[in-house]
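For reference, the structure is listed below as structure tokens.
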Number of protein chains: 2
Amino acid sequence: MAVSETPTVGRPRSFDEDAVLDALMALFWRKGYAQTSMTDVVEASGVHKPSLYRVFGTKDEIFAAVLRRYLEAQLSMLSQLIEQSSPGTDGVHEFLDGFAAAALADPGRNGCLLVVASNELSGTMPGYEDFAGAYRSALRERLSVLLTRSVANNEHDAALVEQRSELLATFLAGFQVAVRAGASDDEIHRIVDSMHTIIDTW
Amino acid sequence: MAVSETPTVGRPRSFDEDAVLDALMALFWRKGYAQTSMTDVVEASGVHKPSLYRVFGTKDEIFAAVLRRYLEAQLSMLSQLIEQSSPGTDGVHEFLDGFAAAALADPGRNGCLLVVASNELSGTMPGYEDFAGAYRSALRERLSVLLTRSVANNEHDAALVEQRSELLATFLAGFQVAVRAGASDDEIHRIVDSMHTIIDTW
DNA sequence: CGAGTTTGCAACCGAAAGGTTCTAAATATT
DNA sequence: AATATTTAGAACCTTTCGGTTGCAAACTCG
């Protein structure tokens, strides 16, 4: 197993595992996998190397744990965003704005960690694409829920909802790429606006 | 200067610089920057390390040269795709199919090298975002040309063209992410179809 | 209190990283 | 042919990489 369960005996652990994972999430999010050294990991976490290895495993197991945690957080953010949104097309607009706001709230403008990870590690370390695939599937599924709710009841068209959620999911990935690539606030807002306009007319 | 000009005297160079850059392009495209070692570079190019350093410079200068070359190739592909496309909305569909076909022609399904590079190196090695920014600008500009041509003359709306090219450019980035992340042929076709549908109805 | 167990931490390890040096071979110029 | 210049390529250098070892400190349980 990659992550050891907390024991009931012996010297107590001096760090909180989740807090460490959060710190490492921020680190990997910014620097990616390969450019982050174990020295960086030690510094960012404040935990010494042997403890890290004992509790979390090797570097790539640590990274996998961070990705799992990020995936969880991202999915719950999506759920919350969709729950909060109004019915009808308004809800789609609200969702889009909420998603964009979340991406822009990160001061480093690092985009999406899952996009970063799958982009970096596809074709080098097999297995990580699964995270990206799982996220994409979940995103598309949740968008289907949102879009089904937004479609007027009389013109219910499952195929149309499918296509629109596919388009939105792909657009959002491209949006995260633009954010990470350092697009200006102006450009980012133009990008978001372009999707708002499409949502209005589809 | 990063790349030395070919001298007129002395022992002749035993390798073709462009062929080397092409081989290294394929290499970096698949593995990214950090996960590619100079040993990999030597093997893929068939050129020994000191010669590489003399002719191309350090690892990141080599990478920059590869990115420049990729950017050139990509831009000329875009131009060709747009030149070949029919007038009217048909041309936009043809462009989209041509773009997708180019991405799928790569057997490794590595997506877009500029997306890969900017995603990996933003926040670690400043300067590489410029390549991504230049590409995004050029893509958007060319899409504007294509879309302007596709809009019926009487309903000419510059702001609309702006928005649609912004949307398309963002979508295409997301498309490349999905390709690299290992999306199935089915999913890829659903993604492309979703954009075709939007183009038909916008 | 003492036996057993787990953690913290300094020091260490082999391998691989990016980059350089130095010599012999191959050409243009005179 | 001799000289100047450039390349090819093996060997080498320093630093950093991910990962481990060994021991003292801190706790639970009997």
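Residues are referred to by chain and number: the chain letter is A, B, ... according to the order shown in the structure tokens, the number counts from 1 in that chain, and ligands are numbered separately from 1 in the order shown.
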- [ ] Restrict the distance test to only C-alpha atoms (C1' of nucleotides), flag each residue of chain B within 9 Å of chain C, and return the flagged residues as an MDAnalysis selection string.
- [x] chainID B and resid 8:12 37:38 49:50 53 58:59
Write the residues you've just listed into a file as a JSON list (two decimals), in the first residue's frame, and include N, CA and C atoms for each of them.
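result-v8.json, written as the output of this step:
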[["chain", "number", "residue", "atom", "x", "y", "z"],
["B", 8, "THR", "N", 32.97, 28.27, -43.31],
["B", 8, "THR", "CA", 33.40, 27.93, -44.67],
["B", 8, "THR", "C", 34.71, 27.17, -44.66],
["B", 9, "VAL", "N", 35.29, 27.01, -43.49],
["B", 9, "VAL", "CA", 36.58, 26.35, -43.42],
["B", 9, "VAL", "C", 36.57, 25.33, -42.30],
["B", 10, "GLY", "N", 37.45, 24.36, -42.38],
["B", 10, "GLY", "CA", 37.51, 23.34, -41.35],
["B", 10, "GLY", "C", 36.80, 22.06, -41.74],
["B", 11, "ARG", "N", 36.80, 21.14, -40.88],
["B", 11, "ARG", "CA", 36.16, 19.85, -41.13],
["B", 11, "ARG", "C", 34.65, 20.03, -41.32],
["B", 12, "PRO", "N", 34.10, 19.41, -42.32],
["B", 12, "PRO", "CA", 32.66, 19.62, -42.58],
["B", 12, "PRO", "C", 31.80, 18.90, -41.56],
["B", 37, "SER", "N", 16.48, 13.53, -21.19],
["B", 37, "SER", "CA", 17.85, 13.78, -20.75],
["B", 37, "SER", "C", 18.73, 14.06, -21.96],
["B", 38, "MET", "N", 19.88, 14.66, -21.69],
["B", 38, "MET", "CA", 20.83, 14.90, -22.77],
["B", 38, "MET", "C", 21.28, 13.58, -23.39],
["B", 49, "LYS", "N", 27.58, 14.79, -27.72],
["B", 49, "LYS", "CA", 27.26, 15.93, -26.87],
["B", 49, "LYS", "C", 28.04, 17.19, -27.19],
["B", 50, "PRO", "N", 29.35, 17.13, -27.29],
["B", 50, "PRO", "CA", 30.08, 18.38, -27.54],
["B", 50, "PRO", "C", 29.66, 19.07, -28.83],
["B", 53, "TYR", "N", 26.39, 20.87, -28.22],
["B", 53, "TYR", "CA", 26.57, 22.11, -27.46],
["B", 53, "TYR", "C", 27.18, 23.19, -28.34],
["B", 58, "THR", "N", 23.01, 25.00, -25.05],
["B", 58, "THR", "CA", 22.63, 24.16, -23.92],
["B", 58, "THR", "C", 21.29, 23.47, -24.18],
["B", 59, "LYS", "N", 20.90, 22.65, -23.23],
["B", 59, "LYS", "CA", 19.66, 21.88, -23.39],
["B", 59, "LYS", "C", 18.46, 22.79, -23.64]]
Open item on the list: With only C-alpha atoms (C1' of nucleotides) considered, list every residue of chain D at most 12 Å from chain B, as a list in words.
Closed with: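 Interface list for chain D against chain B: DT3, DA4, DT5, DT6, DT7, DA8, DG9 and DA10 of chain D.
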TODO: May I ask you to extract the residues of chain A within 8 Å of chain B, using only C-alpha atoms, and to give them as a ChimeraX atom specification?
DONE: /A:30-32,34-35,108,110,115-116,118-124,129,132-133,163-164,166-167,170-175,177-178,180-183,190-191,193-195,197-198,201-202
Hey, can you spit out that residue selection with N, CA and C atoms as a short mmCIF file (atom, residue, chain, number, x, y, z; two decimals), in the first residue's frame?
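selection.cif, freshly written:
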data_model
loop_
_atom_site.label_atom_id
_atom_site.label_comp_id
_atom_site.auth_asym_id
_atom_site.auth_seq_id
_atom_site.Cartn_x
_atom_site.Cartn_y
_atom_site.Cartn_z
N ARG A 30 2.39 24.03 -9.32
CA ARG A 30 3.18 25.09 -9.94
C ARG A 30 4.30 24.52 -10.81
N LYS A 31 5.04 23.55 -10.28
CA LYS A 31 6.25 23.11 -10.95
C LYS A 31 6.10 21.85 -11.79
N GLY A 32 4.97 21.18 -11.68
CA GLY A 32 4.84 19.91 -12.38
C GLY A 32 5.56 18.80 -11.64
N ALA A 34 8.29 16.44 -12.86
CA ALA A 34 9.73 16.20 -13.03
C ALA A 34 10.57 17.36 -12.48
N GLN A 35 10.07 18.56 -12.62
CA GLN A 35 10.86 19.71 -12.19
C GLN A 35 10.79 19.92 -10.68
N GLY A 108 -1.23 32.08 -8.61
CA GLY A 108 -0.19 31.65 -9.54
C GLY A 108 -0.71 31.38 -10.93
N ASN A 110 -2.15 28.76 -12.20
CA ASN A 110 -1.50 27.51 -12.61
C ASN A 110 -2.40 26.58 -13.39
N VAL A 115 -4.71 18.61 -15.87
CA VAL A 115 -4.25 18.91 -17.23
C VAL A 115 -2.73 18.96 -17.25
N VAL A 116 -2.15 19.62 -16.27
CA VAL A 116 -0.70 19.71 -16.18
C VAL A 116 -0.07 18.33 -16.10
N SER A 118 -1.36 15.25 -16.83
CA SER A 118 -1.53 14.35 -17.97
C SER A 118 -0.71 14.84 -19.15
N ASN A 119 -0.61 16.16 -19.29
CA ASN A 119 0.20 16.70 -20.38
C ASN A 119 1.66 16.36 -20.21
N GLU A 120 2.13 16.42 -18.97
CA GLU A 120 3.55 16.19 -18.75
C GLU A 120 3.90 14.70 -18.84
N LEU A 121 3.03 13.85 -18.32
CA LEU A 121 3.44 12.47 -18.10
C LEU A 121 2.91 11.48 -19.13
N SER A 122 1.98 11.90 -19.98
CA SER A 122 1.56 11.01 -21.06
C SER A 122 2.77 10.70 -21.93
N GLY A 123 2.95 9.47 -22.24
CA GLY A 123 4.06 9.09 -23.10
C GLY A 123 5.36 8.90 -22.37
N THR A 124 5.34 9.04 -21.04
CA THR A 124 6.55 8.80 -20.25
C THR A 124 6.24 7.85 -19.09
N GLU A 129 -2.59 9.06 -17.13
CA GLU A 129 -3.70 9.48 -18.00
C GLU A 129 -5.04 9.11 -17.37
N ALA A 132 -6.64 11.90 -15.62
CA ALA A 132 -7.22 12.87 -16.55
C ALA A 132 -8.50 12.32 -17.16
N GLY A 133 -8.47 11.04 -17.51
CA GLY A 133 -9.66 10.42 -18.08
C GLY A 133 -10.81 10.43 -17.10
N GLN A 163 -23.58 16.52 -26.84
CA GLN A 163 -22.66 17.32 -27.65
C GLN A 163 -22.25 18.60 -26.94
N ARG A 164 -23.22 19.21 -26.31
CA ARG A 164 -22.89 20.47 -25.63
C ARG A 164 -21.98 20.26 -24.43
N GLU A 166 -19.85 17.84 -24.14
CA GLU A 166 -18.54 17.51 -24.72
C GLU A 166 -17.80 18.80 -25.13
N LEU A 167 -18.54 19.68 -25.76
CA LEU A 167 -17.94 20.94 -26.19
C LEU A 167 -17.47 21.76 -24.99
N THR A 170 -14.36 20.31 -23.31
CA THR A 170 -13.16 20.57 -24.11
C THR A 170 -12.76 22.03 -24.01
N PHE A 171 -13.75 22.90 -24.08
CA PHE A 171 -13.48 24.33 -23.94
C PHE A 171 -12.83 24.63 -22.60
N LEU A 172 -13.33 24.02 -21.54
CA LEU A 172 -12.79 24.31 -20.21
C LEU A 172 -11.34 23.86 -20.09
N ALA A 173 -11.01 22.73 -20.74
CA ALA A 173 -9.62 22.29 -20.75
C ALA A 173 -8.75 23.34 -21.46
N GLY A 174 -9.24 23.80 -22.61
CA GLY A 174 -8.50 24.83 -23.34
C GLY A 174 -8.38 26.11 -22.52
N PHE A 175 -9.42 26.42 -21.79
CA PHE A 175 -9.38 27.60 -20.91
C PHE A 175 -8.28 27.47 -19.88
N VAL A 177 -5.61 25.73 -20.09
CA VAL A 177 -4.33 25.85 -20.78
C VAL A 177 -3.97 27.33 -20.96
N ALA A 178 -4.96 28.12 -21.39
CA ALA A 178 -4.71 29.54 -21.60
C ALA A 178 -4.34 30.24 -20.30
N ARG A 180 -2.91 28.92 -17.62
CA ARG A 180 -1.55 28.55 -17.23
C ARG A 180 -0.51 29.17 -18.15
N ALA A 181 -0.86 29.32 -19.42
CA ALA A 181 0.10 29.88 -20.38
C ALA A 181 0.31 31.37 -20.16
N GLY A 182 -0.40 31.93 -19.20
CA GLY A 182 -0.16 33.33 -18.86
C GLY A 182 -0.98 34.32 -19.66
N ALA A 183 -2.14 33.90 -20.14
CA ALA A 183 -3.00 34.83 -20.87
C ALA A 183 -3.37 36.00 -19.96
N ARG A 190 -12.17 37.66 -22.55
CA ARG A 190 -12.69 37.47 -23.91
C ARG A 190 -13.02 36.00 -24.16
N ILE A 191 -12.15 35.14 -23.65
CA ILE A 191 -12.37 33.70 -23.84
C ILE A 191 -13.68 33.27 -23.17
N ASP A 193 -16.17 35.15 -22.32
CA ASP A 193 -17.29 35.78 -23.01
C ASP A 193 -17.69 35.02 -24.27
N SER A 194 -16.68 34.52 -24.98
CA SER A 194 -16.99 33.81 -26.22
C SER A 194 -17.87 32.59 -25.93
N MET A 195 -17.65 31.96 -24.80
CA MET A 195 -18.49 30.81 -24.45
C MET A 195 -19.86 31.27 -23.98
N THR A 197 -21.48 33.73 -25.07
CA THR A 197 -22.26 34.05 -26.27
C THR A 197 -22.80 32.78 -26.93
N ILE A 198 -21.95 31.77 -27.00
CA ILE A 198 -22.40 30.51 -27.60
C ILE A 198 -23.54 29.89 -26.80
N THR A 201 -26.79 31.38 -27.60
CA THR A 201 -27.40 31.16 -28.93
C THR A 201 -27.62 29.69 -29.26
N TRP A 202 -27.12 28.79 -28.41
CA TRP A 202 -27.32 27.38 -28.82
C TRP A 202 -28.68 26.89 -28.41
#
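From CA of Ala138 (chain B) back to CA of Ala101 (chain A), the distance works out to 26.6 Å.
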Open item on the list: One number please: CA of Met77 (chain B) to CA of Gly98 (chain B), in Å, one decimal.
Closed with: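 The value is 9.6 Å.
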- [ ] Considering only C-alpha atoms (C1' of nucleotides), return as JSON, numbers by chain whatever protein or nucleic-acid residues lie within 12 Å of Ser86 (chain B), sequence-local ones (same chain, fewer than 3 positions apart) excluded.
- [x] {"B": [81, 82, 83, 89, 90, 91, 92, 93, 94, 95, 146, 147, 149, 150]}
Excluding same-chain residues fewer than 4 positions from Ile62 (chain B), what lies within 10 Å of it counting only C-alpha atoms (C1' of nucleotides), as a tab-separated table (two decimals) with N, CA and C atoms, in the first residue's frame?
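New file result27.tsv:
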chain	number	residue	atom	x	y	z
B	2	ALA	N	22.78	31.46	-30.04
B	2	ALA	CA	22.48	30.08	-29.68
B	2	ALA	C	22.89	29.11	-30.79
B	3	VAL	N	22.62	29.43	-32.00
B	3	VAL	CA	22.92	28.54	-33.12
B	3	VAL	C	24.03	29.16	-33.95
B	21	LEU	N	17.14	18.63	-35.68
B	21	LEU	CA	16.05	19.32	-34.97
B	21	LEU	C	14.73	18.56	-35.13
B	24	LEU	N	14.82	15.66	-32.78
B	24	LEU	CA	14.67	16.11	-31.40
B	24	LEU	C	13.27	16.63	-31.14
B	25	MET	N	12.64	17.17	-32.18
B	25	MET	CA	11.26	17.61	-32.04
B	25	MET	C	10.38	16.43	-31.65
B	41	VAL	N	18.84	12.88	-25.92
B	41	VAL	CA	19.05	13.79	-27.05
B	41	VAL	C	20.18	13.27	-27.94
B	52	LEU	N	26.67	18.91	-30.20
B	52	LEU	CA	25.37	19.51	-29.93
B	52	LEU	C	25.53	20.85	-29.23
B	53	TYR	N	26.39	20.87	-28.22
B	53	TYR	CA	26.57	22.11	-27.46
B	53	TYR	C	27.18	23.19	-28.34
B	55	VAL	N	26.96	23.52	-31.63
B	55	VAL	CA	26.08	23.96	-32.71
B	55	VAL	C	24.78	24.57	-32.19
B	56	PHE	N	24.20	23.95	-31.19
B	56	PHE	CA	22.88	24.39	-30.74
B	56	PHE	C	22.87	25.08	-29.39
B	57	GLY	N	23.89	24.85	-28.58
B	57	GLY	CA	23.91	25.45	-27.25
B	57	GLY	C	23.48	24.46	-26.19
B	58	THR	N	23.01	25.00	-25.05
B	58	THR	CA	22.63	24.16	-23.92
B	58	THR	C	21.29	23.47	-24.18
B	66	VAL	N	13.97	23.88	-31.10
B	66	VAL	CA	12.95	22.92	-31.51
B	66	VAL	C	11.57	23.59	-31.51
B	67	LEU	N	11.31	24.36	-30.46
B	67	LEU	CA	10.01	25.04	-30.36
B	67	LEU	C	9.83	26.02	-31.51
B	68	ARG	N	10.88	26.78	-31.82
B	68	ARG	CA	10.79	27.71	-32.95
B	68	ARG	C	10.44	26.97	-34.23
Task: DSSP alpha helix (DSSP H) residues within region 28-109 of chain B, as a PyMOL selection string - done: chain B and resi 28-31+38-45+49-56+59-84+89-105
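Taking CA of Ser76 (chain A) and CA of Ser45 (chain A) as endpoints, the distance between them is 24.4 Å.
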